[in-house]
file my_file20.cif (mmCIF, C-alpha atoms)
data_target
#
loop_
_atom_site.group_PDB
_atom_site.id
_atom_site.type_symbol
_atom_site.label_atom_id
_atom_site.label_comp_id
_atom_site.auth_asym_id
_atom_site.auth_seq_id
_atom_site.Cartn_x
_atom_site.Cartn_y
_atom_site.Cartn_z
ATOM 1 C CA ALA A 25 -0.772 -21.388 -4.130
ATOM 2 C CA ILE A 26 1.380 -22.453 -7.041
ATOM 3 C CA MET A 27 4.604 -20.724 -7.947
ATOM 4 C CA ASN A 28 6.787 -21.606 -10.903
ATOM 5 C CA LEU A 29 10.441 -20.689 -10.555
ATOM 6 C CA GLN A 30 12.889 -21.070 -13.389
ATOM 7 C CA ALA A 31 16.635 -20.804 -13.138
ATOM 8 C CA ALA A 32 18.301 -18.234 -15.366
ATOM 9 C CA ALA A 33 21.822 -18.412 -16.673
ATOM 10 C CA PRO A 34 24.135 -15.950 -14.874
ATOM 11 C CA GLY A 35 24.163 -12.612 -16.671
ATOM 12 C CA SER A 36 21.078 -13.397 -18.771
ATOM 13 C CA VAL A 37 18.582 -11.343 -16.738
ATOM 14 C CA SER A 38 18.271 -7.895 -18.298
ATOM 15 C CA ASP A 39 15.190 -6.524 -16.515
ATOM 16 C CA HIS A 40 14.442 -6.461 -12.799
ATOM 17 C CA ALA A 41 11.354 -5.832 -10.686
ATOM 18 C CA GLY A 42 11.164 -3.957 -7.397
ATOM 19 C CA THR A 43 8.915 -3.794 -4.375
ATOM 20 C CA ILE A 44 7.029 -0.864 -2.882
ATOM 21 C CA PHE A 45 6.016 -0.685 0.765
ATOM 22 C CA GLY A 46 3.607 2.053 1.822
ATOM 23 C CA GLN A 47 2.899 2.736 5.476
ATOM 24 C CA ASP A 48 0.623 5.331 7.063
ATOM 25 C CA LYS A 49 2.123 5.885 10.526
ATOM 26 C CA ASP A 50 -0.504 8.544 11.333
ATOM 27 C CA VAL A 51 -3.255 5.926 11.705
ATOM 28 C CA PHE A 52 -5.713 6.802 14.456
ATOM 29 C CA VAL A 53 -9.111 5.128 14.863
ATOM 30 C CA PRO A 54 -11.033 6.738 17.758
ATOM 31 C CA ALA A 55 -13.504 4.818 19.904
ATOM 32 C CA HIS A 56 -17.046 4.476 18.530
ATOM 33 C CA THR A 57 -16.230 5.858 15.079
ATOM 34 C CA ASN A 58 -16.177 4.857 11.457
ATOM 35 C CA THR A 59 -12.918 6.345 10.199
ATOM 36 C CA THR A 60 -11.355 6.766 6.747
ATOM 37 C CA GLN A 61 -7.735 7.744 6.276
ATOM 38 C CA ASP A 62 -5.435 7.937 3.245
ATOM 39 C CA ALA A 63 -1.770 8.320 2.340
ATOM 40 C CA LEU A 64 0.211 9.117 -0.823
ATOM 41 C CA CYS A 65 3.102 7.612 -2.718
ATOM 42 C CA ILE A 66 4.478 9.989 -5.360
ATOM 43 C CA PHE A 67 6.803 8.125 -7.717
ATOM 44 C CA PRO A 68 10.126 9.868 -8.369
ATOM 45 C CA LYS A 69 10.527 7.978 -11.641
ATOM 46 C CA ALA A 70 8.374 6.363 -14.306
ATOM 47 C CA LEU A 71 7.291 2.836 -13.421
ATOM 48 C CA ASN A 72 4.793 0.119 -14.224
ATOM 49 C CA LEU A 73 2.770 -1.325 -11.330
ATOM 50 C CA MET A 74 2.436 -5.097 -11.821
ATOM 51 C CA GLY A 75 0.481 -6.004 -8.704
ATOM 52 C CA GLU A 76 -0.659 -4.820 -5.289
ATOM 53 C CA THR A 77 -2.452 -5.599 -2.056
ATOM 54 C CA GLY A 78 -3.319 -3.839 1.192
ATOM 55 C CA HIS A 79 -3.327 -4.585 4.898
ATOM 56 C CA TYR A 80 -5.068 -3.419 8.065
ATOM 57 C CA HIS A 81 -6.036 -5.092 11.312
ATOM 58 C CA PHE A 82 -9.426 -6.662 11.982
ATOM 59 C CA ARG A 83 -11.320 -3.372 12.468
ATOM 60 C CA GLY A 84 -10.565 -2.624 8.800
ATOM 61 C CA ARG A 85 -13.511 -2.934 6.452
ATOM 62 C CA GLU A 86 -12.251 -1.547 3.113
ATOM 63 C CA PHE A 87 -8.910 -0.890 1.415
ATOM 64 C CA GLN A 88 -8.659 1.006 -1.884
ATOM 65 C CA THR A 89 -5.995 2.495 -4.147
ATOM 66 C CA PHE A 90 -6.368 5.309 -6.646
ATOM 67 C CA ARG A 91 -4.159 6.885 -9.286
ATOM 68 C CA TRP A 92 -2.808 10.297 -8.192
ATOM 69 C CA ASP A 93 -1.818 13.032 -10.652
ATOM 70 C CA ASP A 94 -1.516 16.817 -10.484
ATOM 71 C CA GLY A 95 -2.632 16.853 -6.840
ATOM 72 C CA ALA A 96 -5.880 15.010 -7.509
ATOM 73 C CA ARG A 97 -7.316 11.554 -6.974
ATOM 74 C CA GLY A 98 -8.009 9.676 -10.173
ATOM 75 C CA GLU A 99 -9.242 6.255 -11.192
ATOM 76 C CA ARG A 100 -9.653 3.561 -8.537
ATOM 77 C CA ILE A 101 -7.406 0.619 -9.407
ATOM 78 C CA TYR A 102 -7.854 -1.698 -6.384
ATOM 79 C CA VAL A 103 -10.528 -2.408 -3.787
ATOM 80 C CA ASN A 104 -10.864 -5.015 -1.064
ATOM 81 C CA ARG A 105 -13.783 -5.225 1.320
ATOM 82 C CA GLY A 106 -13.471 -7.246 4.515
ATOM 83 C CA TYR A 107 -10.608 -8.454 6.636
ATOM 84 C CA ASN A 108 -9.743 -12.050 5.773
ATOM 85 C CA ASP A 109 -7.366 -12.880 2.931
ATOM 86 C CA PRO A 110 -7.016 -9.588 1.042
ATOM 87 C CA PRO A 111 -6.487 -10.457 -2.612
ATOM 88 C CA PHE A 112 -3.224 -9.804 -4.379
ATOM 89 C CA LEU A 113 -4.285 -8.117 -7.602
ATOM 90 C CA VAL A 114 -2.118 -8.707 -10.664
ATOM 91 C CA HIS A 115 -2.412 -5.824 -13.128
ATOM 92 C CA ASP A 116 -2.319 -7.252 -16.647
ATOM 93 C CA PRO A 117 -1.325 -5.129 -18.361
ATOM 94 C CA ALA A 118 0.715 -3.285 -15.750
ATOM 95 C CA VAL A 119 -0.511 0.194 -14.742
ATOM 96 C CA GLY A 120 1.914 2.839 -16.033
ATOM 97 C CA PHE A 121 2.896 5.945 -14.062
ATOM 98 C CA ASN A 122 5.083 8.854 -15.127
ATOM 99 C CA SER A 123 7.578 10.509 -12.802
ATOM 100 C CA GLY A 124 5.647 12.788 -10.420
ATOM 101 C CA GLN A 125 2.467 10.750 -10.644
ATOM 102 C CA GLY A 126 1.599 8.330 -7.888
ATOM 103 C CA LEU A 127 -0.872 6.337 -5.930
ATOM 104 C CA GLN A 128 -3.161 7.107 -3.004
ATOM 105 C CA TRP A 129 -4.169 4.293 -0.672
ATOM 106 C CA GLU A 130 -7.103 4.495 1.705
ATOM 107 C CA CYS A 131 -8.360 2.475 4.673
ATOM 108 C CA TYR A 132 -11.802 2.482 6.261
ATOM 109 C CA TRP A 133 -12.295 1.115 9.790
ATOM 110 C CA GLU A 134 -15.296 0.489 12.055
ATOM 111 C CA ASN A 135 -14.522 0.763 15.756
ATOM 112 C CA ASN A 136 -17.467 -0.037 18.009
ATOM 113 C CA THR A 137 -15.308 -0.371 21.139
ATOM 114 C CA ASP A 138 -14.464 2.038 23.972
ATOM 115 C CA ASN A 139 -10.813 2.018 22.874
ATOM 116 C CA ASP A 140 -8.834 4.305 20.563
ATOM 117 C CA PHE A 141 -6.444 2.516 18.195
ATOM 118 C CA LYS A 142 -3.179 4.106 17.059
ATOM 119 C CA PHE A 143 -0.632 2.855 14.531
ATOM 120 C CA GLY A 144 1.300 -0.185 15.724
ATOM 121 C CA PRO A 145 1.995 -3.893 15.271
ATOM 122 C CA PHE A 146 -0.465 -5.499 17.687
ATOM 123 C CA THR A 147 -3.899 -6.461 16.360
ATOM 124 C CA ASP A 148 -5.558 -6.190 19.770
ATOM 125 C CA THR A 149 -4.303 -2.668 20.608
ATOM 126 C CA ASN A 150 -3.195 -1.074 17.291
ATOM 127 C CA GLU A 151 -4.225 -0.528 13.684
ATOM 128 C CA HIS A 152 -2.457 -0.368 10.306
ATOM 129 C CA CYS A 153 -2.954 0.997 6.818
ATOM 130 C CA ASN A 154 -0.203 -0.541 4.695
ATOM 131 C CA TRP A 155 0.150 -0.951 0.932
ATOM 132 C CA PHE A 156 2.373 -3.403 -0.952
ATOM 133 C CA GLY A 157 3.204 -3.143 -4.648
ATOM 134 C CA PHE A 158 5.512 -4.648 -7.253
ATOM 135 C CA TYR A 159 6.848 -2.674 -10.212
ATOM 136 C CA TYR A 160 9.297 -2.529 -13.093
ATOM 137 C CA PRO A 161 11.748 -1.371 -14.347
ATOM 138 C CA THR A 162 14.339 -0.834 -11.660
ATOM 139 C CA SER A 163 17.630 1.029 -11.973
ATOM 140 C CA ALA A 164 19.510 -1.695 -10.080
ATOM 141 C CA PRO A 165 18.950 -5.420 -9.476
ATOM 142 C CA ASN A 166 18.039 -4.816 -5.805
ATOM 143 C CA GLU A 167 15.778 -1.779 -5.708
ATOM 144 C CA ALA A 168 12.840 -0.979 -3.446
ATOM 145 C CA ILE A 169 10.635 2.045 -2.817
ATOM 146 C CA THR A 170 9.226 3.046 0.566
ATOM 147 C CA CYS A 171 6.380 5.511 1.013
ATOM 148 C CA VAL A 172 5.785 6.627 4.588
ATOM 149 C CA LYS A 173 3.266 9.125 5.942
ATOM 150 C CA LEU A 174 4.247 10.524 9.335
ATOM 151 C CA ASN A 175 2.930 13.683 10.998
ATOM 152 C CA GLY A 176 0.986 14.514 7.850
ATOM 153 C CA VAL A 177 4.036 14.385 5.572
ATOM 154 C CA SER A 178 4.420 11.706 2.893
ATOM 155 C CA THR A 179 7.991 10.746 1.993
ATOM 156 C CA THR A 180 9.006 8.509 -0.902
ATOM 157 C CA THR A 181 12.472 6.953 -0.898
ATOM 158 C CA VAL A 182 14.125 4.774 -3.547
ATOM 159 C CA ARG A 183 16.722 2.400 -2.118
ATOM 160 C CA THR A 184 19.201 0.290 -4.049
ATOM 161 C CA GLN A 185 21.687 -2.281 -2.876
ATOM 162 C CA GLN A 186 24.501 -3.467 -5.114
#
call {"tool": "encode", "arguments": {"input": "my_file20.cif", "output": "structure tokens"}}
result
Amino acid sequence: AIMNLQAAAPGSVSDHAGTIFGQDKDVFVPAHTNTTQDALCIFPKALNLMGETGHYHFRGREFQTFRWDDGARGERIYVNRGYNDPPFLVHDPAVGFNSGQGLQWECYWENNTDNDFKFGPFTDTNEHCNWFGFYYPTSAPNEAITCVKLNGVSTTTVRTQQ
């Protein structure tokens, strides 16, 4: 990987980017099943999605994201099949969303074991369905959005730190 960083004069940065972390804490992959599960991130403000990627553990076979508007799934904007090295997709141009629109992310798993897998950090005993995104503009230099699904309820929170 190559990354170019350039120093900016203090006070010269006028636009900032933020991060989005989406986590489906309701993940459950029963033994001997092929399971699909999704979660939502409804944006409380207009934003432009610059890039994204997804994450699951090694039972995961496919990760997708879709636009979400007026309570309905729209255009697919990201897909990754397989487990190793999920691509980070740069959207050029960025994908625009209005306040109240959002994104749905979806994971598909294949579990051919005798074990059930619930949400958690350990690859051998748990599963994940996480989404990572980067957006602009922010309202503060240090802004981030979290989208968490827990007990069937999706909550979006904007956090800023001065």
call {"tool": "residues_around", "arguments": {"input": "my_file20.cif", "residues": "range 64-77 of chain A", "least_positions_apart": "6", "cutoff": "6 Å", "atoms": "all atoms listed in the file", "output": "list in words"}}
result
Phe112, Leu113, Val114, His115, Ala118, Val119, Gly120, Phe121, Asn122, Ser123, Gly124, Gln125, Gly126, Leu127, Gln128, Phe156, Gly157, Phe158, Tyr159, Tyr160 and Cys171 of chain A
call {"tool": "write_last_selection", "arguments": {"input": "my_file20.cif", "atoms": "C-alpha atoms", "output": "mmCIF file, in the frame of the given file"}}
result
data_model
loop_
_atom_site.group_PDB
_atom_site.id
_atom_site.type_symbol
_atom_site.label_atom_id
_atom_site.label_comp_id
_atom_site.auth_asym_id
_atom_site.auth_seq_id
_atom_site.Cartn_x
_atom_site.Cartn_y
_atom_site.Cartn_z
ATOM 1 C CA PHE A 112 -3.224 -9.804 -4.379
ATOM 2 C CA LEU A 113 -4.285 -8.117 -7.602
ATOM 3 C CA VAL A 114 -2.118 -8.707 -10.664
ATOM 4 C CA HIS A 115 -2.412 -5.824 -13.128
ATOM 5 C CA ALA A 118 0.715 -3.285 -15.750
ATOM 6 C CA VAL A 119 -0.511 0.194 -14.742
ATOM 7 C CA GLY A 120 1.914 2.839 -16.033
ATOM 8 C CA PHE A 121 2.896 5.945 -14.062
ATOM 9 C CA ASN A 122 5.083 8.854 -15.127
ATOM 10 C CA SER A 123 7.578 10.509 -12.802
ATOM 11 C CA GLY A 124 5.647 12.788 -10.420
ATOM 12 C CA GLN A 125 2.467 10.750 -10.644
ATOM 13 C CA GLY A 126 1.599 8.330 -7.888
ATOM 14 C CA LEU A 127 -0.872 6.337 -5.930
ATOM 15 C CA GLN A 128 -3.161 7.107 -3.004
ATOM 16 C CA PHE A 156 2.373 -3.403 -0.952
ATOM 17 C CA GLY A 157 3.204 -3.143 -4.648
ATOM 18 C CA PHE A 158 5.512 -4.648 -7.253
ATOM 19 C CA TYR A 159 6.848 -2.674 -10.212
ATOM 20 C CA TYR A 160 9.297 -2.529 -13.093
ATOM 21 C CA CYS A 171 6.380 5.511 1.013
#
call {"tool": "resolve_selection", "arguments": {"input": "my_file20.cif", "expression": "the PyMOL selection byres ((chain A and resi 184) around 12)", "output": "count of residues only"}}
result
17
call {"tool": "axis_aligned_box", "arguments": {"input": "my_file20.cif", "around": "range 140-147 of chain A", "padding_each_side": "3 Å", "output": "lines of an AutoDock Vina configuration file"}}
result
center_x = -3.4
center_y = -1.1
center_z = 17.5
size_x = 16.8
size_y = 16.8
size_z = 12.0
call {"tool": "resolve_selection", "arguments": {"input": "my_file20.cif", "expression": "the PyMOL selection byres ((chain A and resi 134) around 6)", "output": "PyMOL selection string"}}
result
chain A and resi 58+83+133+135
call {"tool": "closest_residue", "arguments": {"input": "my_file20.cif", "among": "A:His79, A:Arg100, A:Arg85, A:His56", "to": "Asn139 in chain A", "atoms": "all atoms listed in the file"}}
result
A:His56
call {"tool": "resolve_selection", "arguments": {"input": "my_file20.cif", "expression": "the PyMOL selection byres ((chain A and resi 89) around 10)", "output": "ChimeraX atom specification"}}
result
/A:62-64,76-78,87-88,90-92,97-104,127-131,155
call {"tool": "decode", "arguments": {"input": "my_file20.cif", "residues": "range 139-174 of chain A", "atoms": "N, CA and C atoms", "output": "short mmCIF file (atom, residue, chain, number, x, y, z; two decimals), in the first residue's frame"}}
result
data_model
loop_
_atom_site.label_atom_id
_atom_site.label_comp_id
_atom_site.auth_asym_id
_atom_site.auth_seq_id
_atom_site.Cartn_x
_atom_site.Cartn_y
_atom_site.Cartn_z
N ASN A 139 -22.01 -26.13 15.40
CA ASN A 139 -22.01 -25.02 16.35
C ASN A 139 -22.84 -23.84 15.85
N ASP A 140 -23.52 -23.16 16.78
CA ASP A 140 -24.16 -21.88 16.51
C ASP A 140 -23.12 -20.79 16.77
N PHE A 141 -23.17 -19.71 15.99
CA PHE A 141 -22.24 -18.60 16.17
C PHE A 141 -23.01 -17.32 16.40
N LYS A 142 -22.76 -16.70 17.56
CA LYS A 142 -23.37 -15.42 17.91
C LYS A 142 -22.35 -14.30 17.72
N PHE A 143 -22.83 -13.06 17.77
CA PHE A 143 -21.97 -11.89 17.66
C PHE A 143 -20.87 -11.94 18.72
N GLY A 144 -19.66 -11.60 18.32
CA GLY A 144 -18.55 -11.52 19.27
C GLY A 144 -17.23 -11.38 18.55
N PRO A 145 -16.14 -11.22 19.32
CA PRO A 145 -14.84 -10.89 18.74
C PRO A 145 -13.98 -12.07 18.29
N PHE A 146 -14.33 -13.29 18.69
CA PHE A 146 -13.44 -14.41 18.45
C PHE A 146 -13.83 -15.17 17.19
N THR A 147 -12.88 -15.31 16.26
CA THR A 147 -13.18 -15.95 14.98
C THR A 147 -13.58 -17.41 15.12
N ASP A 148 -13.08 -18.09 16.14
CA ASP A 148 -13.39 -19.51 16.28
C ASP A 148 -14.77 -19.76 16.90
N THR A 149 -15.29 -18.82 17.67
CA THR A 149 -16.56 -19.05 18.38
C THR A 149 -17.63 -17.99 18.11
N ASN A 150 -17.32 -16.94 17.35
CA ASN A 150 -18.27 -15.84 17.11
C ASN A 150 -18.30 -15.47 15.64
N GLU A 151 -19.23 -14.58 15.31
CA GLU A 151 -19.32 -14.00 13.97
C GLU A 151 -19.52 -12.49 14.09
N HIS A 152 -19.36 -11.81 12.96
CA HIS A 152 -19.51 -10.36 12.84
C HIS A 152 -20.28 -10.03 11.57
N CYS A 153 -20.80 -8.80 11.54
CA CYS A 153 -21.27 -8.18 10.31
C CYS A 153 -21.09 -6.68 10.51
N ASN A 154 -19.89 -6.21 10.19
CA ASN A 154 -19.52 -4.81 10.43
C ASN A 154 -19.31 -4.09 9.11
N TRP A 155 -19.60 -2.78 9.13
CA TRP A 155 -19.42 -1.93 7.95
C TRP A 155 -18.60 -0.70 8.35
N PHE A 156 -17.67 -0.31 7.49
CA PHE A 156 -16.83 0.85 7.71
C PHE A 156 -16.98 1.80 6.52
N GLY A 157 -17.18 3.08 6.80
CA GLY A 157 -17.31 4.06 5.74
C GLY A 157 -16.60 5.36 6.08
N PHE A 158 -16.34 6.15 5.06
CA PHE A 158 -15.70 7.46 5.22
C PHE A 158 -16.52 8.47 4.42
N TYR A 159 -16.78 9.63 5.02
CA TYR A 159 -17.71 10.59 4.43
C TYR A 159 -17.23 12.03 4.64
N TYR A 160 -17.87 12.92 3.91
CA TYR A 160 -17.73 14.36 4.12
C TYR A 160 -19.06 15.01 3.78
N PRO A 161 -19.34 16.21 4.20
CA PRO A 161 -18.58 17.03 5.14
C PRO A 161 -18.94 16.67 6.58
N THR A 162 -18.13 17.13 7.49
CA THR A 162 -18.42 16.99 8.91
C THR A 162 -18.78 18.37 9.46
N SER A 163 -19.40 18.37 10.62
CA SER A 163 -19.74 19.63 11.29
C SER A 163 -18.64 20.08 12.24
N ALA A 164 -17.69 19.20 12.52
CA ALA A 164 -16.57 19.49 13.41
C ALA A 164 -15.35 18.72 12.91
N PRO A 165 -14.16 19.18 13.25
CA PRO A 165 -12.95 18.49 12.77
C PRO A 165 -12.87 17.02 13.18
N ASN A 166 -13.39 16.66 14.35
CA ASN A 166 -13.34 15.28 14.83
C ASN A 166 -14.76 14.75 14.98
N GLU A 167 -15.31 14.27 13.89
CA GLU A 167 -16.68 13.76 13.90
C GLU A 167 -16.70 12.32 13.42
N ALA A 168 -17.56 11.52 14.02
CA ALA A 168 -17.73 10.13 13.61
C ALA A 168 -19.19 9.75 13.80
N ILE A 169 -19.64 8.79 13.00
CA ILE A 169 -21.00 8.27 13.09
C ILE A 169 -20.92 6.79 13.44
N THR A 170 -21.76 6.36 14.39
CA THR A 170 -21.89 4.94 14.68
C THR A 170 -23.31 4.51 14.37
N CYS A 171 -23.44 3.33 13.81
CA CYS A 171 -24.73 2.73 13.49
C CYS A 171 -24.72 1.34 14.09
N VAL A 172 -25.58 1.12 15.08
CA VAL A 172 -25.58 -0.16 15.79
C VAL A 172 -26.98 -0.74 15.78
N LYS A 173 -27.06 -2.02 15.38
CA LYS A 173 -28.32 -2.77 15.47
C LYS A 173 -28.21 -3.70 16.67
N LEU A 174 -29.17 -3.57 17.59
CA LEU A 174 -29.20 -4.40 18.78
C LEU A 174 -30.65 -4.67 19.14
#
